[in-house]
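Content type mmCIF, C-alpha atoms, from the file final.cif:
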data_model
#
loop_
_atom_site.group_PDB
_atom_site.id
_atom_site.type_symbol
_atom_site.label_atom_id
_atom_site.label_comp_id
_atom_site.auth_asym_id
_atom_site.auth_seq_id
_atom_site.Cartn_x
_atom_site.Cartn_y
_atom_site.Cartn_z
ATOM 1 C CA MET A 1 121.533 108.742 109.526
ATOM 2 C CA SER A 2 121.543 109.421 105.804
ATOM 3 C CA LYS A 3 120.336 112.776 104.524
ATOM 4 C CA VAL A 4 118.875 111.473 101.243
ATOM 5 C CA LEU A 5 115.294 112.487 101.999
ATOM 6 C CA GLU A 6 116.311 115.899 103.355
ATOM 7 C CA PHE A 7 118.341 116.615 100.216
ATOM 8 C CA TYR A 8 115.590 115.292 97.968
ATOM 9 C CA LYS A 9 112.901 117.456 99.556
ATOM 10 C CA TYR A 10 114.998 120.563 98.980
ATOM 11 C CA LEU A 11 116.231 119.720 95.473
ATOM 12 C CA HIS A 12 112.694 118.858 94.369
ATOM 13 C CA THR A 13 111.718 122.499 95.073
ATOM 14 C CA ILE A 14 114.417 123.956 92.780
ATOM 15 C CA PRO A 15 114.168 122.167 89.395
ATOM 16 C CA GLU A 16 116.444 123.765 86.804
ATOM 17 C CA SER A 17 116.808 123.330 83.042
ATOM 18 C CA SER A 18 119.776 121.605 81.432
ATOM 19 C CA MET A 19 123.011 123.577 81.785
ATOM 20 C CA GLN A 20 121.201 126.043 84.081
ATOM 21 C CA GLU A 21 121.558 124.062 87.335
ATOM 22 C CA TYR A 22 123.019 127.011 89.266
ATOM 23 C CA LYS A 23 121.121 126.574 92.545
ATOM 24 C CA THR A 24 121.527 122.797 92.454
ATOM 25 C CA SER A 25 125.255 123.006 91.769
ATOM 26 C CA ALA A 26 125.769 125.609 94.502
ATOM 27 C CA PHE A 27 123.825 123.509 97.021
ATOM 28 C CA VAL A 28 125.769 120.333 96.209
ATOM 29 C CA ALA A 29 129.114 122.152 96.353
ATOM 30 C CA GLN A 30 128.214 123.759 99.699
ATOM 31 C CA GLU A 31 127.309 120.394 101.241
ATOM 32 C CA LEU A 32 130.461 118.690 99.931
ATOM 33 C CA ILE A 33 132.732 121.493 101.127
ATOM 34 C CA ALA A 34 131.063 121.515 104.569
ATOM 35 C CA ALA A 35 131.906 117.801 104.831
ATOM 36 C CA GLY A 36 135.571 118.453 104.033
ATOM 37 C CA ILE A 37 135.410 117.142 100.460
ATOM 38 C CA THR A 38 137.496 118.888 97.810
ATOM 39 C CA VAL A 39 135.264 120.350 95.096
ATOM 40 C CA GLU A 40 136.000 121.408 91.521
ATOM 41 C CA THR A 41 133.230 123.578 90.077
ATOM 42 C CA ASN A 42 132.401 125.323 86.797
ATOM 43 C CA LEU A 43 133.896 122.469 84.783
ATOM 44 C CA ALA A 44 134.217 123.474 81.126
ATOM 45 C CA GLY A 45 132.331 126.646 82.027
ATOM 46 C CA SER A 46 129.280 124.615 83.017
ATOM 47 C CA THR A 47 127.365 123.954 86.212
ATOM 48 C CA GLY A 48 129.036 120.539 86.460
ATOM 49 C CA LEU A 49 131.096 119.748 89.516
ATOM 50 C CA VAL A 50 133.185 116.976 90.971
ATOM 51 C CA GLY A 51 133.782 116.164 94.618
ATOM 52 C CA ILE A 52 137.050 114.367 95.333
ATOM 53 C CA ILE A 53 137.611 112.172 98.361
ATOM 54 C CA ASP A 54 141.343 111.538 98.377
ATOM 55 C CA SER A 55 142.792 108.915 100.702
ATOM 56 C CA GLY A 56 146.245 110.457 100.446
ATOM 57 C CA VAL A 57 147.553 107.021 99.468
ATOM 58 C CA PRO A 58 148.360 106.393 95.789
ATOM 59 C CA GLY A 59 145.894 104.081 94.118
ATOM 60 C CA PRO A 60 143.004 103.791 91.696
ATOM 61 C CA VAL A 61 140.520 106.553 90.984
ATOM 62 C CA PHE A 62 136.883 105.484 91.036
ATOM 63 C CA GLY A 63 133.895 107.570 90.045
ATOM 64 C CA LEU A 64 130.184 107.712 90.738
ATOM 65 C CA ARG A 65 127.924 109.976 88.673
ATOM 66 C CA ALA A 66 124.530 111.610 89.064
ATOM 67 C CA ASP A 67 122.646 113.917 86.736
ATOM 68 C CA MET A 68 121.221 117.191 88.075
ATOM 69 C CA ASP A 69 118.869 118.744 85.514
ATOM 70 C CA ALA A 70 115.091 118.790 85.347
ATOM 71 C CA LEU A 71 112.753 118.521 82.367
ATOM 72 C CA ASN A 72 110.973 121.444 80.761
ATOM 73 C CA HIS A 73 107.196 121.036 80.557
ATOM 74 C CA ASN A 74 104.608 123.206 78.825
ATOM 75 C CA ILE A 75 101.940 123.778 81.469
ATOM 76 C CA ASP A 76 99.004 125.880 80.277
ATOM 77 C CA GLY A 77 101.202 127.588 77.688
ATOM 78 C CA LYS A 78 104.015 128.324 80.145
ATOM 79 C CA VAL A 79 107.343 126.474 80.231
ATOM 80 C CA GLU A 80 108.088 125.136 83.706
ATOM 81 C CA GLN A 81 110.867 122.921 85.008
ATOM 82 C CA ARG A 82 109.927 119.788 86.914
ATOM 83 C CA HIS A 83 111.875 116.835 88.267
ATOM 84 C CA THR A 84 109.849 114.189 86.455
ATOM 85 C CA CYS A 85 112.837 112.002 85.553
ATOM 86 C CA GLY A 86 114.215 111.582 89.065
ATOM 87 C CA HIS A 87 117.451 113.536 88.818
ATOM 88 C CA ASP A 88 116.691 115.208 92.159
ATOM 89 C CA GLY A 89 116.697 111.703 93.612
ATOM 90 C CA HIS A 90 119.923 110.744 91.825
ATOM 91 C CA THR A 91 121.685 113.869 93.080
ATOM 92 C CA SER A 92 120.341 113.354 96.607
ATOM 93 C CA MET A 93 121.518 109.748 96.773
ATOM 94 C CA LEU A 94 125.007 110.481 95.453
ATOM 95 C CA LEU A 95 125.436 113.518 97.691
ATOM 96 C CA ALA A 96 124.334 111.594 100.781
ATOM 97 C CA ALA A 97 126.566 108.653 99.843
ATOM 98 C CA ALA A 98 129.569 110.962 99.430
ATOM 99 C CA LEU A 99 129.019 112.471 102.875
ATOM 100 C CA GLU A 100 128.694 109.015 104.472
ATOM 101 C CA ILE A 101 131.790 107.705 102.667
ATOM 102 C CA LYS A 102 133.813 110.723 103.785
ATOM 103 C CA GLU A 103 132.521 110.608 107.367
ATOM 104 C CA GLN A 104 133.267 106.896 107.709
ATOM 105 C CA GLY A 105 136.684 107.155 106.051
ATOM 106 C CA LEU A 106 135.883 104.440 103.544
ATOM 107 C CA VAL A 107 138.358 105.548 100.865
ATOM 108 C CA LYS A 108 141.529 103.823 102.063
ATOM 109 C CA LYS A 109 143.576 103.968 98.853
ATOM 110 C CA GLY A 110 143.347 106.210 95.801
ATOM 111 C CA LYS A 111 140.462 108.583 95.209
ATOM 112 C CA LEU A 112 136.723 108.559 94.821
ATOM 113 C CA LYS A 113 135.198 111.162 92.531
ATOM 114 C CA VAL A 114 131.537 112.025 92.907
ATOM 115 C CA ILE A 115 130.536 113.540 89.598
ATOM 116 C CA PHE A 116 127.482 115.788 89.279
ATOM 117 C CA GLN A 117 126.678 116.121 85.588
ATOM 118 C CA PRO A 118 124.685 118.989 84.124
ATOM 119 C CA GLY A 119 122.582 118.850 80.969
ATOM 120 C CA GLU A 120 121.792 115.129 80.804
ATOM 121 C CA GLU A 121 118.274 115.682 79.449
ATOM 122 C CA THR A 122 119.503 117.636 76.423
ATOM 123 C CA ASP A 123 122.787 115.731 76.035
ATOM 124 C CA ASP A 124 124.618 119.083 76.363
ATOM 125 C CA GLY A 125 126.370 117.942 79.540
ATOM 126 C CA ALA A 126 127.631 114.662 78.072
ATOM 127 C CA GLY A 127 130.850 116.269 76.837
ATOM 128 C CA THR A 128 131.692 118.249 79.967
ATOM 129 C CA PRO A 129 134.577 117.120 82.147
ATOM 130 C CA ALA A 130 131.984 116.328 84.814
ATOM 131 C CA ALA A 131 130.456 113.704 82.534
ATOM 132 C CA ASP A 132 133.853 112.291 81.601
ATOM 133 C CA GLY A 133 135.135 111.764 85.126
ATOM 134 C CA GLY A 134 136.021 115.360 85.779
ATOM 135 C CA GLY A 135 138.855 117.008 87.491
ATOM 136 C CA ALA A 136 142.491 117.652 86.884
ATOM 137 C CA ASP A 137 143.579 114.019 86.868
ATOM 138 C CA GLY A 138 141.103 112.779 84.258
ATOM 139 C CA ASP A 139 138.883 109.749 84.041
ATOM 140 C CA PRO A 140 138.190 107.410 86.886
ATOM 141 C CA GLU A 141 139.612 103.914 86.434
ATOM 142 C CA GLY A 142 136.506 102.186 87.711
ATOM 143 C CA GLY A 143 132.927 102.742 88.687
ATOM 144 C CA ARG A 144 132.006 103.732 85.174
ATOM 145 C CA ASP A 145 128.760 102.710 83.581
ATOM 146 C CA ASP A 146 130.135 101.439 80.304
ATOM 147 C CA PHE A 147 131.280 97.908 79.695
ATOM 148 C CA GLY A 148 133.052 96.051 76.946
ATOM 149 C CA GLY A 149 133.530 92.423 76.067
ATOM 150 C CA ASP A 150 131.154 89.515 75.904
ATOM 151 C CA ALA A 151 128.126 89.226 78.116
ATOM 152 C CA PRO A 152 128.096 86.316 80.542
ATOM 153 C CA GLU A 153 125.732 83.511 79.529
ATOM 154 C CA GLY A 154 122.114 84.536 80.050
ATOM 155 C CA ARG A 155 122.963 88.220 80.622
ATOM 156 C CA GLU A 156 123.289 91.217 78.396
ATOM 157 C CA LEU A 157 125.867 93.891 79.056
ATOM 158 C CA LEU A 158 124.702 97.456 78.724
ATOM 159 C CA ARG A 159 126.917 100.400 78.003
ATOM 160 C CA ARG A 160 126.319 104.117 77.671
ATOM 161 C CA ASP A 161 126.694 106.059 74.456
ATOM 162 C CA PRO A 162 128.330 109.535 74.647
ATOM 163 C CA ALA A 163 124.940 111.089 75.433
ATOM 164 C CA GLY A 164 124.459 108.802 78.441
ATOM 165 C CA ARG A 165 121.748 106.581 76.929
ATOM 166 C CA GLN A 166 121.887 102.842 77.464
ATOM 167 C CA GLU A 167 122.921 100.819 74.465
ATOM 168 C CA GLY A 168 122.717 97.049 74.548
ATOM 169 C CA ALA A 169 123.732 94.196 72.299
ATOM 170 C CA PHE A 170 120.821 94.854 69.939
ATOM 171 C CA GLY A 171 121.752 98.523 69.544
ATOM 172 C CA ARG A 172 118.516 99.787 71.049
ATOM 173 C CA ARG A 173 118.907 102.843 73.262
ATOM 174 C CA ALA A 174 117.058 103.956 76.327
ATOM 175 C CA HIS A 175 116.939 107.106 78.374
ATOM 176 C CA GLY A 176 115.778 107.174 81.978
ATOM 177 C CA ALA A 177 112.454 108.700 80.948
ATOM 178 C CA PHE A 178 111.898 105.925 78.380
ATOM 179 C CA ALA A 179 113.668 103.005 79.996
ATOM 180 C CA ALA A 180 110.993 100.554 78.830
ATOM 181 C CA PHE A 181 112.155 101.087 75.244
ATOM 182 C CA GLY A 182 115.667 99.861 75.997
ATOM 183 C CA ASN A 183 117.127 96.407 76.370
ATOM 184 C CA ILE A 184 116.089 95.015 79.717
ATOM 185 C CA HIS A 185 117.415 91.536 80.385
ATOM 186 C CA ALA A 186 118.047 90.051 83.805
#
Have the structure of the file written as structure tokens, please.
Amino acid sequence: MSKVLEFYKYLHTIPESSMQEYKTSAFVAQELIAAGITVETNLAGSTGLVGIIDSGVPGPVFGLRADMDALNHNIDGKVEQRHTCGHDGHTSMLLAAALEIKEQGLVKKGKLKVIFQPGEETDDGAGTPAADGGGADGDPEGGRDDFGGDAPEGRELLRRDPAGRQEGAFGRRAHGAFAAFGNIHA
């Protein structure tokens, strides 16, 4: 049974500002290591980390990414961190997926990198190795969220700018907290 809800309930209690995701990063690393997944932490001196599920057979490197930070809110004159953009959910889903993939031995060839990016809300984490695919062997070959080329008829391709915002054919950008302002075509 997946641990998404269990992880979410815990991560929701420890919201942390961009580039200050120390408890979140430590929790994710602990869970990955306990599952037998290789972990690279403190990427570029940040709280970013990458879990690597290596099949031991040469092949492609794929990556999946989740953001970890919370938003700062001014509540009655006091700055508080809250997960109002869903990053606790993103982290929970990716962490649970990584554990399931490892447990079921689904990586048969190459590697899967599970990338936990810090600082998405402030764009500070966009340049960390965690955001760029992380780890000693560089970018994943697939599983990225940026696309090139022409959109199939009736569809618009979206890509991410360096800060992680969606950018579509019309050049409009969207962030998860303001997704309605982006290009949404189905």
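Residue nearest Val4 (chain A), chosen from A:Met93, A:Met68, A:Leu106, A:Val28 and counting all atoms listed in the file: A:Met93.
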* **Minimum-distance residue to Lys113 (chain A), chosen among A:Leu5, A:Ala44, A:Ile53, A:Val39 (using all atoms listed in the file)** =>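 That would be A:Ile53, the residue with the smallest distance to Lys113 (chain A).
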* **CA of Ser92 (chain A) to CA of Thr13 (chain A), distance in Å rounded to a single decimal** =>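 These two atoms are separated by 12.7 Å.
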Which polymer residues have any atom within 8 Å of an atom of Phe116 (chain A), counting all atoms listed in the file, with same-chain residues fewer than 2 positions away left out, as a compact mmCIF listing (two decimals) with C-alpha atoms, in the frame of the given file?
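out12.txt, written as the output of this step:
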# COMPACT_ATOMS: atom_id res chain seq x y z
CA SER A 25 125.26 123.01 91.77
CA GLY A 48 129.04 120.54 86.46
CA LEU A 49 131.10 119.75 89.52
CA VAL A 50 133.18 116.98 90.97
CA ARG A 65 127.92 109.98 88.67
CA ALA A 66 124.53 111.61 89.06
CA ASP A 67 122.65 113.92 86.74
CA MET A 68 121.22 117.19 88.08
CA THR A 91 121.68 113.87 93.08
CA VAL A 114 131.54 112.02 92.91
CA PRO A 118 124.68 118.99 84.12
CA ALA A 130 131.98 116.33 84.81
CA ALA A 131 130.46 113.70 82.53
* Name all residues at most 10 Å from Val57 (chain A) (count only C-alpha atoms; drop same-chain ones fewer than 4 positions away) and give them as a VMD selection string. => chain A and resid 107 to 111
* Restricting the calculation to all atoms listed in the file, which member of A:Lys23, A:Ala97, A:Glu121, A:Leu11 is positioned closest to Cys85 (chain A)? ->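 Comparing A:Lys23, A:Ala97, A:Glu121, A:Leu11 against Cys85 (chain A), the winner is A:Glu121.
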* Which of these, A:Tyr8, A:Gly125, A:Ala34, A:Pro15, has the shortest distance to Thr84 (chain A) once you count only C-alpha atoms? ->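 With only C-alpha atoms as the atom set, the closest residue is A:Pro15.
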* **Counting only C-alpha atoms, the option among A:Ile101, A:Ile37, A:Ile115, A:Leu95 closest to Glu6 (chain A)** =>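 Closest to Glu6 (chain A) of all the choices is A:Leu95.
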* **Å distance separating CA of Ser18 (chain A) from CA of Gly89 (chain A), one decimal place** =>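 Result for CA of Ser18 (chain A) versus CA of Gly89 (chain A): 16.0 Å, one decimal.
With only C-alpha atoms as the atoms that count, the minimum distance from Lys9 (chain A) to the choices A:Ile52, A:Val61, A:His83, A:Ile75 is reached by A:His83.
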